$ cat protein.cif   # mmCIF, C-alpha atoms
data_entry
loop_
_atom_site.group_PDB
_atom_site.id
_atom_site.type_symbol
_atom_site.label_atom_id
_atom_site.label_comp_id
_atom_site.auth_asym_id
_atom_site.auth_seq_id
_atom_site.Cartn_x
_atom_site.Cartn_y
_atom_site.Cartn_z
ATOM 1 C CA MET A 1 -10.429 10.281 12.218
ATOM 2 C CA ALA A 2 -13.016 9.954 15.031
ATOM 3 C CA LEU A 3 -16.541 8.702 14.565
ATOM 4 C CA GLU A 4 -16.773 8.173 10.825
ATOM 5 C CA TYR A 5 -19.530 5.667 10.223
ATOM 6 C CA PHE A 6 -23.231 5.562 11.120
ATOM 7 C CA ARG A 7 -24.671 2.152 10.291
ATOM 8 C CA ILE A 8 -28.097 0.557 10.507
ATOM 9 C CA ASP A 9 -27.752 -3.186 10.995
ATOM 10 C CA ASP A 10 -30.320 -5.461 12.608
ATOM 11 C CA ARG A 11 -27.586 -7.910 13.626
ATOM 12 C CA LEU A 12 -25.819 -5.148 15.557
ATOM 13 C CA ILE A 13 -22.263 -6.239 16.441
ATOM 14 C CA HIS A 14 -21.391 -9.255 14.288
ATOM 15 C CA GLY A 15 -18.775 -10.593 11.922
ATOM 16 C CA GLN A 16 -19.357 -8.121 9.116
ATOM 17 C CA VAL A 17 -18.958 -5.199 11.510
ATOM 18 C CA VAL A 18 -16.070 -6.479 13.609
ATOM 19 C CA VAL A 19 -14.077 -8.095 10.804
ATOM 20 C CA GLY A 20 -15.511 -6.814 7.501
ATOM 21 C CA TRP A 21 -15.386 -3.151 8.518
ATOM 22 C CA GLY A 22 -13.301 -3.331 11.662
ATOM 23 C CA GLN A 23 -10.069 -4.485 10.115
ATOM 24 C CA PRO A 24 -9.856 -2.541 6.820
ATOM 25 C CA CYS A 25 -11.171 0.633 8.455
ATOM 26 C CA ASN A 26 -8.967 0.150 11.512
ATOM 27 C CA LEU A 27 -11.886 0.676 13.853
ATOM 28 C CA GLY A 28 -10.856 1.375 17.415
ATOM 29 C CA PHE A 29 -14.312 1.598 18.875
ATOM 30 C CA LEU A 30 -17.974 0.822 18.276
ATOM 31 C CA VAL A 31 -20.955 2.671 19.698
ATOM 32 C CA LEU A 32 -24.096 0.564 19.963
ATOM 33 C CA VAL A 33 -27.225 2.678 20.323
ATOM 34 C CA ASP A 34 -29.979 0.396 21.516
ATOM 35 C CA ASP A 35 -32.348 1.020 24.395
ATOM 36 C CA ALA A 36 -32.709 -2.677 25.202
ATOM 37 C CA VAL A 37 -28.991 -3.359 25.270
ATOM 38 C CA VAL A 38 -28.106 -0.249 27.267
ATOM 39 C CA ASP A 39 -30.333 -1.482 30.101
ATOM 40 C CA SER A 40 -28.941 -5.011 30.139
ATOM 41 C CA GLU A 41 -25.473 -5.799 31.469
ATOM 42 C CA TRP A 42 -25.919 -9.365 30.260
ATOM 43 C CA GLU A 43 -26.586 -8.223 26.676
ATOM 44 C CA GLN A 44 -23.575 -5.928 26.836
ATOM 45 C CA GLU A 45 -21.365 -8.797 28.001
ATOM 46 C CA LEU A 46 -22.691 -10.866 25.114
ATOM 47 C CA TYR A 47 -21.467 -8.315 22.585
ATOM 48 C CA LYS A 48 -18.198 -7.675 24.412
ATOM 49 C CA MET A 49 -17.349 -11.383 24.184
ATOM 50 C CA GLY A 50 -17.529 -11.190 20.406
ATOM 51 C CA ALA A 51 -15.369 -8.152 19.909
ATOM 52 C CA PRO A 52 -11.587 -8.212 19.710
ATOM 53 C CA PRO A 53 -9.848 -6.894 22.836
ATOM 54 C CA GLU A 54 -8.339 -3.951 20.981
ATOM 55 C CA MET A 55 -11.808 -2.658 20.023
ATOM 56 C CA ASP A 56 -13.716 -0.698 22.676
ATOM 57 C CA LEU A 57 -17.490 -0.990 22.826
ATOM 58 C CA TYR A 58 -19.727 1.756 24.161
ATOM 59 C CA PHE A 59 -23.430 1.292 24.829
ATOM 60 C CA ASP A 60 -25.856 4.184 24.656
ATOM 61 C CA SER A 61 -29.498 5.107 24.528
ATOM 62 C CA ILE A 62 -30.505 7.606 21.855
ATOM 63 C CA GLU A 63 -30.329 10.414 24.410
ATOM 64 C CA SER A 64 -26.981 9.427 25.896
ATOM 65 C CA ALA A 65 -25.490 8.941 22.424
ATOM 66 C CA ALA A 66 -26.624 12.433 21.474
ATOM 67 C CA ARG A 67 -25.010 13.817 24.643
ATOM 68 C CA ARG A 68 -21.738 11.989 24.065
ATOM 69 C CA ILE A 69 -21.479 12.435 20.311
ATOM 70 C CA ALA A 70 -18.972 15.296 20.583
ATOM 71 C CA GLU A 71 -16.768 13.101 22.752
ATOM 72 C CA TYR A 72 -16.941 10.281 20.215
ATOM 73 C CA ARG A 73 -16.230 12.601 17.335
ATOM 74 C CA ALA A 74 -13.181 13.961 19.135
ATOM 75 C CA ASP A 75 -11.751 10.476 19.665
ATOM 76 C CA SER A 76 -8.498 10.005 17.769
ATOM 77 C CA ARG A 77 -9.438 6.448 16.803
ATOM 78 C CA ASN A 78 -11.788 5.461 13.977
ATOM 79 C CA GLY A 79 -15.256 4.663 15.241
ATOM 80 C CA LEU A 80 -18.519 3.221 13.976
ATOM 81 C CA LEU A 81 -21.948 3.884 15.495
ATOM 82 C CA LEU A 82 -24.612 1.225 15.078
ATOM 83 C CA THR A 83 -28.354 1.098 15.432
ATOM 84 C CA GLY A 84 -30.504 -1.951 14.899
ATOM 85 C CA ASP A 85 -33.275 -0.165 13.029
ATOM 86 C CA VAL A 86 -34.127 2.875 10.944
ATOM 87 C CA THR A 87 -36.284 4.469 13.639
ATOM 88 C CA THR A 88 -33.439 4.643 16.148
ATOM 89 C CA MET A 89 -31.022 6.144 13.625
ATOM 90 C CA ALA A 90 -33.619 8.694 12.528
ATOM 91 C CA ALA A 91 -34.288 9.676 16.129
ATOM 92 C CA LEU A 92 -30.565 10.059 16.792
ATOM 93 C CA GLN A 93 -30.046 12.138 13.666
ATOM 94 C CA ALA A 94 -32.888 14.431 14.710
ATOM 95 C CA LEU A 95 -30.943 15.165 17.888
ATOM 96 C CA VAL A 96 -27.546 15.228 16.157
ATOM 97 C CA PRO A 97 -27.860 16.999 12.805
ATOM 98 C CA GLN A 98 -24.115 16.573 12.299
ATOM 99 C CA VAL A 99 -24.858 12.993 11.270
ATOM 100 C CA GLN A 100 -24.736 13.551 7.530
ATOM 101 C CA VAL A 101 -24.152 10.085 6.087
ATOM 102 C CA VAL A 102 -26.077 7.000 7.146
ATOM 103 C CA THR A 103 -25.274 3.545 5.807
ATOM 104 C CA ILE A 104 -27.763 0.702 5.698
ATOM 105 C CA GLY A 105 -25.585 -2.313 6.446
ATOM 106 C CA GLY A 106 -28.241 -4.959 6.836
ATOM 107 C CA ILE A 107 -31.992 -5.046 7.372
ATOM 108 C CA HIS A 108 -33.121 -8.565 6.743
ATOM 109 C CA HIS A 109 -36.360 -10.202 5.712
ATOM 110 C CA LYS A 110 -39.370 -10.412 7.941
ATOM 111 C CA GLU A 111 -43.089 -10.242 7.339
ATOM 112 C CA GLY A 112 -44.205 -6.916 5.894
ATOM 113 C CA ARG A 113 -40.835 -6.045 4.418
ATOM 114 C CA THR A 114 -40.133 -5.908 0.692
ATOM 115 C CA ALA A 115 -36.801 -7.019 -0.756
ATOM 116 C CA ARG A 116 -34.797 -4.044 -2.053
ATOM 117 C CA LEU A 117 -31.258 -5.425 -2.069
ATOM 118 C CA ARG A 118 -30.101 -8.903 -1.081
ATOM 119 C CA TYR A 119 -29.339 -7.538 2.394
ATOM 120 C CA VAL A 120 -31.979 -4.788 2.596
ATOM 121 C CA PHE A 121 -35.674 -5.455 3.152
ATOM 122 C CA LEU A 122 -37.914 -2.544 4.089
ATOM 123 C CA THR A 123 -41.453 -1.916 5.278
ATOM 124 C CA PRO A 124 -43.318 1.071 3.815
ATOM 125 C CA THR A 125 -42.814 2.854 7.144
ATOM 126 C CA GLU A 126 -39.065 2.253 7.066
ATOM 127 C CA GLU A 127 -38.951 3.568 3.508
ATOM 128 C CA GLN A 128 -40.758 6.704 4.621
ATOM 129 C CA GLU A 129 -38.328 7.164 7.510
ATOM 130 C CA LEU A 130 -35.371 6.841 5.158
ATOM 131 C CA ARG A 131 -36.891 9.316 2.718
ATOM 132 C CA ALA A 132 -37.442 11.708 5.622
ATOM 133 C CA LEU A 133 -33.788 11.354 6.626
ATOM 134 C CA ALA A 134 -32.754 12.171 3.055
ATOM 135 C CA ALA A 135 -35.130 15.138 3.023
ATOM 136 C CA ARG A 136 -33.260 16.497 6.061
ATOM 137 C CA GLY A 137 -30.092 16.525 3.973
ATOM 138 C CA VAL A 138 -28.652 13.205 5.095
ATOM 139 C CA THR A 139 -26.924 11.069 2.494
ATOM 140 C CA VAL A 140 -28.414 7.606 2.863
ATOM 141 C CA VAL A 141 -26.710 4.690 1.158
ATOM 142 C CA ALA A 142 -26.733 0.918 1.428
ATOM 143 C CA GLN A 143 -23.385 -0.813 1.698
ATOM 144 C CA ASP A 144 -22.804 -4.097 3.492
ATOM 145 C CA LEU A 145 -19.013 -4.132 3.194
ATOM 146 C CA PRO A 146 -16.348 -1.509 2.486
ATOM 147 C CA ASN A 147 -15.284 -3.183 -0.761
ATOM 148 C CA THR A 148 -18.780 -3.168 -2.254
ATOM 149 C CA PRO A 149 -20.303 -0.119 -3.940
ATOM 150 C CA ALA A 150 -22.455 2.211 -1.867
ATOM 151 C CA VAL A 151 -25.961 2.157 -3.338
ATOM 152 C CA PRO A 152 -27.797 5.505 -3.176
ATOM 153 C CA LEU A 153 -31.164 5.494 -1.411
ATOM 154 C CA GLU A 154 -33.113 6.227 -4.577
ATOM 155 C CA ASP A 155 -31.643 3.106 -6.172
ATOM 156 C CA VAL A 156 -32.293 1.053 -3.041
ATOM 157 C CA LEU A 157 -35.952 1.985 -3.040
ATOM 158 C CA ILE A 158 -36.510 0.817 -6.620
ATOM 159 C CA GLY A 159 -34.586 -2.402 -6.072
ATOM 160 C CA ASP A 160 -36.179 -5.834 -6.282
ATOM 161 C CA GLY A 161 -33.869 -7.682 -3.924
ATOM 162 C CA THR A 162 -31.507 -8.978 -6.563
ATOM 163 C CA GLY A 163 -28.904 -6.224 -6.355
ATOM 164 C CA MET B 1 -23.606 -48.391 15.986
ATOM 165 C CA THR B 2 -26.002 -47.835 13.104
ATOM 166 C CA MET B 3 -25.508 -45.027 10.612
ATOM 167 C CA SER B 4 -28.207 -42.956 12.313
ATOM 168 C CA GLU B 5 -26.596 -43.064 15.760
ATOM 169 C CA GLY B 6 -23.768 -40.934 17.049
ATOM 170 C CA PRO B 7 -22.935 -37.539 18.434
ATOM 171 C CA ARG B 8 -25.215 -35.008 16.820
ATOM 172 C CA ALA B 9 -24.683 -31.294 16.456
ATOM 173 C CA VAL B 10 -25.764 -28.191 14.611
ATOM 174 C CA VAL B 11 -23.191 -26.257 12.609
ATOM 175 C CA ALA B 12 -24.118 -22.601 12.101
ATOM 176 C CA GLY B 13 -22.313 -19.858 10.262
ATOM 177 C CA HIS B 14 -21.982 -17.416 7.424
ATOM 178 C CA GLY B 15 -22.841 -18.127 3.805
ATOM 179 C CA LYS B 16 -22.378 -21.783 2.881
ATOM 180 C CA PHE B 17 -19.811 -22.405 5.615
ATOM 181 C CA ALA B 18 -21.885 -25.015 7.447
ATOM 182 C CA GLU B 19 -23.037 -26.795 4.318
ATOM 183 C CA GLY B 20 -19.489 -26.852 2.962
ATOM 184 C CA ILE B 21 -17.712 -28.074 6.070
ATOM 185 C CA ILE B 22 -20.366 -30.753 6.611
ATOM 186 C CA SER B 23 -19.855 -31.923 3.034
ATOM 187 C CA ALA B 24 -16.165 -32.312 3.868
ATOM 188 C CA VAL B 25 -17.031 -34.326 6.989
ATOM 189 C CA GLN B 26 -19.268 -36.521 4.846
ATOM 190 C CA GLN B 27 -16.569 -37.009 2.230
ATOM 191 C CA ILE B 28 -13.966 -37.996 4.799
ATOM 192 C CA THR B 29 -16.018 -40.032 7.263
ATOM 193 C CA GLY B 30 -19.429 -40.699 5.773
ATOM 194 C CA MET B 31 -20.870 -39.215 8.956
ATOM 195 C CA GLY B 32 -22.021 -35.832 7.735
ATOM 196 C CA HIS B 33 -25.595 -36.858 8.533
ATOM 197 C CA LEU B 34 -24.791 -36.321 12.217
ATOM 198 C CA LEU B 35 -24.430 -32.595 11.579
ATOM 199 C CA THR B 36 -27.211 -30.184 10.628
ATOM 200 C CA PRO B 37 -26.279 -26.960 8.835
ATOM 201 C CA VAL B 38 -27.694 -23.497 9.471
ATOM 202 C CA SER B 39 -26.791 -20.424 7.414
ATOM 203 C CA ASN B 40 -27.427 -16.889 8.620
ATOM 204 C CA THR B 41 -27.591 -15.562 5.068
ATOM 205 C CA GLY B 42 -30.470 -13.165 4.558
ATOM 206 C CA LEU B 43 -31.925 -13.736 8.023
ATOM 207 C CA THR B 44 -32.824 -11.347 10.821
ATOM 208 C CA PRO B 45 -31.476 -12.227 14.266
ATOM 209 C CA ALA B 46 -34.930 -13.558 15.185
ATOM 210 C CA ALA B 47 -35.002 -15.750 12.102
ATOM 211 C CA ILE B 48 -31.491 -17.044 12.804
ATOM 212 C CA GLU B 49 -32.596 -17.990 16.307
ATOM 213 C CA THR B 50 -35.628 -19.805 14.919
ATOM 214 C CA ALA B 51 -33.492 -21.659 12.392
ATOM 215 C CA ILE B 52 -30.989 -22.754 15.034
ATOM 216 C CA ARG B 53 -33.698 -23.817 17.478
ATOM 217 C CA GLU B 54 -35.480 -25.797 14.763
ATOM 218 C CA ALA B 55 -32.247 -27.429 13.651
ATOM 219 C CA MET B 56 -31.502 -28.475 17.229
ATOM 220 C CA VAL B 57 -34.918 -30.085 17.514
ATOM 221 C CA VAL B 58 -34.717 -31.818 14.152
ATOM 222 C CA ALA B 59 -31.195 -33.060 14.855
ATOM 223 C CA ASN B 60 -31.924 -33.821 18.523
ATOM 224 C CA ALA B 61 -28.708 -31.949 19.259
ATOM 225 C CA ARG B 62 -27.546 -29.933 22.268
ATOM 226 C CA VAL B 63 -24.209 -29.010 20.744
ATOM 227 C CA VAL B 64 -23.776 -26.079 18.339
ATOM 228 C CA PHE B 65 -20.602 -25.317 16.426
ATOM 229 C CA THR B 66 -20.278 -21.805 14.990
ATOM 230 C CA ASP B 67 -17.725 -20.300 12.655
ATOM 231 C CA LEU B 68 -16.842 -16.926 14.165
ATOM 232 C CA PRO B 69 -16.694 -15.874 17.831
ATOM 233 C CA ALA B 70 -18.007 -12.421 16.902
ATOM 234 C CA GLY B 71 -20.632 -13.713 14.509
ATOM 235 C CA SER B 72 -24.390 -13.377 14.774
ATOM 236 C CA CYS B 73 -24.897 -17.134 15.113
ATOM 237 C CA THR B 74 -22.552 -17.194 18.092
ATOM 238 C CA ALA B 75 -24.281 -14.281 19.795
ATOM 239 C CA ILE B 76 -27.662 -15.891 19.233
ATOM 240 C CA VAL B 77 -26.634 -19.291 20.590
ATOM 241 C CA ARG B 78 -25.183 -17.543 23.635
ATOM 242 C CA ARG B 79 -28.532 -15.833 24.120
ATOM 243 C CA VAL B 80 -30.434 -19.114 23.694
ATOM 244 C CA SER B 81 -28.129 -20.890 26.142
ATOM 245 C CA LYS B 82 -29.006 -18.353 28.819
ATOM 246 C CA SER B 83 -32.373 -20.095 29.161
ATOM 247 C CA SER B 84 -31.062 -23.517 28.097
ATOM 248 C CA PRO B 85 -27.780 -24.014 29.954
ATOM 249 C CA ASP B 86 -27.424 -27.599 28.722
ATOM 250 C CA ILE B 87 -26.450 -26.288 25.279
ATOM 251 C CA THR B 88 -22.757 -26.521 24.469
ATOM 252 C CA LEU B 89 -21.381 -23.859 22.130
ATOM 253 C CA VAL B 90 -18.066 -24.174 20.317
ATOM 254 C CA THR B 91 -16.917 -21.191 18.264
ATOM 255 C CA GLY B 92 -14.292 -20.974 15.550
ATOM 256 C CA VAL B 93 -14.956 -24.543 14.452
ATOM 257 C CA THR B 94 -12.620 -26.205 11.989
ATOM 258 C CA LEU B 95 -12.716 -29.429 10.034
ATOM 259 C CA PRO B 96 -10.372 -31.330 12.389
ATOM 260 C CA THR B 97 -12.647 -30.414 15.305
ATOM 261 C CA LEU B 98 -15.744 -31.709 13.535
ATOM 262 C CA LEU B 99 -13.998 -34.863 12.378
ATOM 263 C CA ALA B 100 -12.955 -35.649 15.933
ATOM 264 C CA TYR B 101 -16.457 -34.935 17.202
ATOM 265 C CA VAL B 102 -18.318 -37.177 14.763
ATOM 266 C CA MET B 103 -15.779 -39.926 15.437
ATOM 267 C CA GLY B 104 -16.781 -39.870 19.081
ATOM 268 C CA ALA B 105 -14.328 -37.541 20.784
ATOM 269 C CA SER B 106 -15.562 -35.374 23.642
ATOM 270 C CA ILE B 107 -16.049 -31.658 23.112
ATOM 271 C CA GLU B 108 -12.785 -30.920 24.908
ATOM 272 C CA GLU B 109 -10.883 -33.470 22.834
ATOM 273 C CA SER B 110 -12.470 -32.190 19.629
ATOM 274 C CA VAL B 111 -11.500 -28.601 20.398
ATOM 275 C CA ALA B 112 -7.975 -29.730 21.197
ATOM 276 C CA LYS B 113 -7.775 -31.545 17.842
ATOM 277 C CA GLY B 114 -8.725 -28.335 16.076
ATOM 278 C CA ARG B 115 -6.109 -26.342 17.947
ATOM 279 C CA GLU B 116 -3.402 -28.950 17.323
ATOM 280 C CA ALA B 117 -4.088 -28.964 13.592
ATOM 281 C CA LEU B 118 -3.803 -25.217 13.134
ATOM 282 C CA GLY B 119 -0.394 -23.917 12.173
ATOM 283 C CA ALA B 120 1.724 -22.284 9.547
ATOM 284 C CA VAL B 121 3.831 -24.862 7.744
ATOM 285 C CA GLU B 122 7.427 -23.828 7.224
ATOM 286 C CA PRO B 123 8.912 -24.353 3.758
ATOM 287 C CA PRO B 124 11.276 -27.299 3.358
ATOM 288 C CA ARG B 125 14.904 -26.529 4.113
ATOM 289 C CA GLY B 126 16.843 -25.532 1.029
ATOM 290 C CA ALA B 127 13.687 -24.469 -0.834
#
$ encode --input "protein.cif" --output "structure tokens"
Amino acid sequence: MALEYFRIDDRLIHGQVVVGWGQPCNLGFLVLVDDAVVDSEWEQELYKMGAPPEMDLYFDSIESAARRIAEYRADSRNGLLLTGDVTTMAALQALVPQVQVVTIGGIHHKEGRTARLRYVFLTPTEEQELRALAARGVTVVAQDLPNTPAVPLEDVLIGDGTG
Amino acid sequence: MTMSEGPRAVVAGHGKFAEGIISAVQQITGMGHLLTPVSNTGLTPAAIETAIREAMVVANARVVFTDLPAGSCTAIVRRVSKSSPDITLVTGVTLPTLLAYVMGASIEESVAKGREALGAVEPPRGA
């Protein structure tokens, strides 16, 4: 099955990822692409403590993830790659055009963001970045959990935060 | 001991977990006021951290119970405790653990109470 999921989630590795996706999708590994985490052993330990022992965690920068993507895709286990923001995912996809589906798992409220779904809040810049991803042929959807419907980007962007 | 005194703590978790489990503590012991709930619902990691820090100040608490070892609240309290090592974090909290804690048990005793209470109950013989 290999690396199947590309998720944007500002909480990075947390319950929804490890349990909500990890168990039903039988995830064997997670790839966290985050320049701050990849340079901090302490941060990596923090995330390792939260993951079940049977789930491997790999930490990458955008560049190292792009270099190793073939290795991840060849892995026989199911995998999920995470970024904490739209910009990082867009930068990765620019280097790895094989990334064809990107899922917004959670981008939460902060100043300057507008509510689009109950778990998706976006700044105008983030909306532009997502539109640009879609314009490059990437299917962008929002889906917090595997048993909820995937919401197409065009529907996300007209949302009012109640969906 | 007056009603306002006692071992204080913050309970942080997903959805209405904290609010719900504290309501159970209140129903059973009348001591739910010793616990301050925090929900991560709809919050960025930075906002969760702010909420937990504020709850600790308001509650004058140095103990935080969280619901899930892999959860965002747990990761954030671990991060906060890096600069504040006097914070005690207990993950996977259950009602028996909280009941023991508000009744005055130590953290170790409270955790043990939670572990002791967890089990699958076998059906009665002949059922």
$ closest_atom_pairs --input "protein.cif" --of "chain A" --to "chain B" --cutoff "7 Å" --atoms "only C-alpha atoms" --output "tab-separated table"
residue	atom	partner	partner_atom	distance
A:Asp10	CA	B:Thr44	CA	6.6
A:Arg11	CA	B:Pro45	CA	5.8
A:His14	CA	B:Gly71	CA	4.5
A:Gly15	CA	B:Gly71	CA	4.5
A:Leu46	CA	B:Ala75	CA	6.5
A:Gly50	CA	B:Ala70	CA	3.7
A:Ala51	CA	B:Ala70	CA	5.9
A:His108	CA	B:Thr44	CA	4.9
A:His109	CA	B:Leu43	CA	6.1
A:Tyr119	CA	B:Gly42	CA	6.1
$ write_last_selection --input "protein.cif" --atoms "C-alpha atoms" --output "tab-separated table (two decimals), in the coordinates of the input"
chain	number	residue	atom	x	y	z
A	10	ASP	CA	-30.32	-5.46	12.61
A	11	ARG	CA	-27.59	-7.91	13.63
A	14	HIS	CA	-21.39	-9.26	14.29
A	15	GLY	CA	-18.77	-10.59	11.92
A	46	LEU	CA	-22.69	-10.87	25.11
A	50	GLY	CA	-17.53	-11.19	20.41
A	51	ALA	CA	-15.37	-8.15	19.91
A	108	HIS	CA	-33.12	-8.56	6.74
A	109	HIS	CA	-36.36	-10.20	5.71
A	119	TYR	CA	-29.34	-7.54	2.39
$ atom_distance --input "protein.cif" --atom1 "atom CA of A:Ile158" --atom2 "atom CA of A:Arg116"
6.9 Å
$ atom_distance --input "protein.cif" --atom1 "atom CA of B:Gln27" --atom2 "atom CA of B:Arg62"
23.9 Å
$ resolve_selection --input "protein.cif" --expression "the PyMOL selection byres ((chain A and resi 36) around 12)" --output "PyMOL selection string"
chain A and resi 32-35+37-44+59-62+83-84+88
$ write_last_selection --input "protein.cif" --atoms "C-alpha atoms" --output "PDB file, keeping the file's coordinate frame"
ATOM      1  CA  LEU A  32     -24.096   0.564  19.963  1.00  0.00           C
ATOM      2  CA  VAL A  33     -27.225   2.678  20.323  1.00  0.00           C
ATOM      3  CA  ASP A  34     -29.979   0.396  21.516  1.00  0.00           C
ATOM      4  CA  ASP A  35     -32.348   1.020  24.395  1.00  0.00           C
ATOM      5  CA  VAL A  37     -28.991  -3.359  25.270  1.00  0.00           C
ATOM      6  CA  VAL A  38     -28.106  -0.249  27.267  1.00  0.00           C
ATOM      7  CA  ASP A  39     -30.333  -1.482  30.101  1.00  0.00           C
ATOM      8  CA  SER A  40     -28.941  -5.011  30.139  1.00  0.00           C
ATOM      9  CA  GLU A  41     -25.473  -5.799  31.469  1.00  0.00           C
ATOM     10  CA  TRP A  42     -25.919  -9.365  30.260  1.00  0.00           C
ATOM     11  CA  GLU A  43     -26.586  -8.223  26.676  1.00  0.00           C
ATOM     12  CA  GLN A  44     -23.575  -5.928  26.836  1.00  0.00           C
ATOM     13  CA  PHE A  59     -23.430   1.292  24.829  1.00  0.00           C
ATOM     14  CA  ASP A  60     -25.856   4.184  24.656  1.00  0.00           C
ATOM     15  CA  SER A  61     -29.498   5.107  24.528  1.00  0.00           C
ATOM     16  CA  ILE A  62     -30.505   7.606  21.855  1.00  0.00           C
ATOM     17  CA  THR A  83     -28.354   1.098  15.432  1.00  0.00           C
ATOM     18  CA  GLY A  84     -30.504  -1.951  14.899  1.00  0.00           C
ATOM     19  CA  THR A  88     -33.439   4.643  16.148  1.00  0.00           C
TER      20      THR A  88
END
$ atom_distance --input "protein.cif" --atom1 "atom CA of B:Ser83" --atom2 "atom CA of B:Ser106"
23.4 Å
$ residues_near_point --input "protein.cif" --point "(-9.2, 11.0, 19.3)" --cutoff "12 Å" --atoms "all atoms listed in the file" --output "PDB file with C-alpha atoms, in the frame of the given file"
ATOM      1  CA  MET A   1     -10.429  10.281  12.218  1.00  0.00           C
ATOM      2  CA  ALA A   2     -13.016   9.954  15.031  1.00  0.00           C
ATOM      3  CA  LEU A   3     -16.541   8.702  14.565  1.00  0.00           C
ATOM      4  CA  GLU A   4     -16.773   8.173  10.825  1.00  0.00           C
ATOM      5  CA  LEU A  27     -11.886   0.676  13.853  1.00  0.00           C
ATOM      6  CA  GLY A  28     -10.856   1.375  17.415  1.00  0.00           C
ATOM      7  CA  PHE A  29     -14.312   1.598  18.875  1.00  0.00           C
ATOM      8  CA  ALA A  70     -18.972  15.296  20.583  1.00  0.00           C
ATOM      9  CA  GLU A  71     -16.768  13.101  22.752  1.00  0.00           C
ATOM     10  CA  TYR A  72     -16.941  10.281  20.215  1.00  0.00           C
ATOM     11  CA  ARG A  73     -16.230  12.601  17.335  1.00  0.00           C
ATOM     12  CA  ALA A  74     -13.181  13.961  19.135  1.00  0.00           C
ATOM     13  CA  ASP A  75     -11.751  10.476  19.665  1.00  0.00           C
ATOM     14  CA  SER A  76      -8.498  10.005  17.769  1.00  0.00           C
ATOM     15  CA  ARG A  77      -9.438   6.448  16.803  1.00  0.00           C
ATOM     16  CA  ASN A  78     -11.788   5.461  13.977  1.00  0.00           C
ATOM     17  CA  GLY A  79     -15.256   4.663  15.241  1.00  0.00           C
TER      18      GLY A  79
END
$ resolve_selection --input "protein.cif" --expression "the PyMOL selection byres ((chain B and resi 94) around 10)" --output "list of chain:residue names"
B:Ile21, B:Phe65, B:Thr66, B:Asp67, B:Thr91, B:Gly92, B:Val93, B:Leu95, B:Pro96, B:Thr97, B:Leu98, B:Leu99, B:Ser110, B:Val111, B:Lys113, B:Gly114, B:Arg115, B:Ala117, B:Leu118
$ residues_around --input "protein.cif" --residues "stretch 139-151 of chain A" --least-positions-apart "5" --cutoff "8 Å" --atoms "all atoms listed in the file" --output "count of residues only"
17
$ closest_residue --input "protein.cif" --among "B:Val102, B:Leu89, B:Val25, B:Val10" --to "B:Ser39" --atoms "only C-alpha atoms"
B:Val10
$ residues_around --input "protein.cif" --residues "A:Gly112" --least-positions-apart "5" --cutoff "12 Å" --atoms "all atoms listed in the file" --output "PyMOL selection string"
chain A and resi 121-127
$ closest_residue --input "protein.cif" --among "B:Val64, B:Ala24, B:Asn40, B:Ala51" --to "B:Val11" --atoms "all atoms listed in the file"
B:Val64
$ residues_around --input "protein.cif" --residues "B:Ala18" --least-positions-apart "4" --cutoff "7 Å" --atoms "all atoms listed in the file" --output "MDAnalysis selection string"
chainID B and resid 11:13 22 37:39
$ write_last_selection --input "protein.cif" --atoms "C-alpha atoms" --output "PDB file, in the coordinates of the input"
ATOM      1  CA  VAL B  11     -23.191 -26.257  12.609  1.00  0.00           C
ATOM      2  CA  ALA B  12     -24.118 -22.601  12.101  1.00  0.00           C
ATOM      3  CA  GLY B  13     -22.313 -19.858  10.262  1.00  0.00           C
ATOM      4  CA  ILE B  22     -20.366 -30.753   6.611  1.00  0.00           C
ATOM      5  CA  PRO B  37     -26.279 -26.960   8.835  1.00  0.00           C
ATOM      6  CA  VAL B  38     -27.694 -23.497   9.471  1.00  0.00           C
ATOM      7  CA  SER B  39     -26.791 -20.424   7.414  1.00  0.00           C
TER       8      SER B  39
END
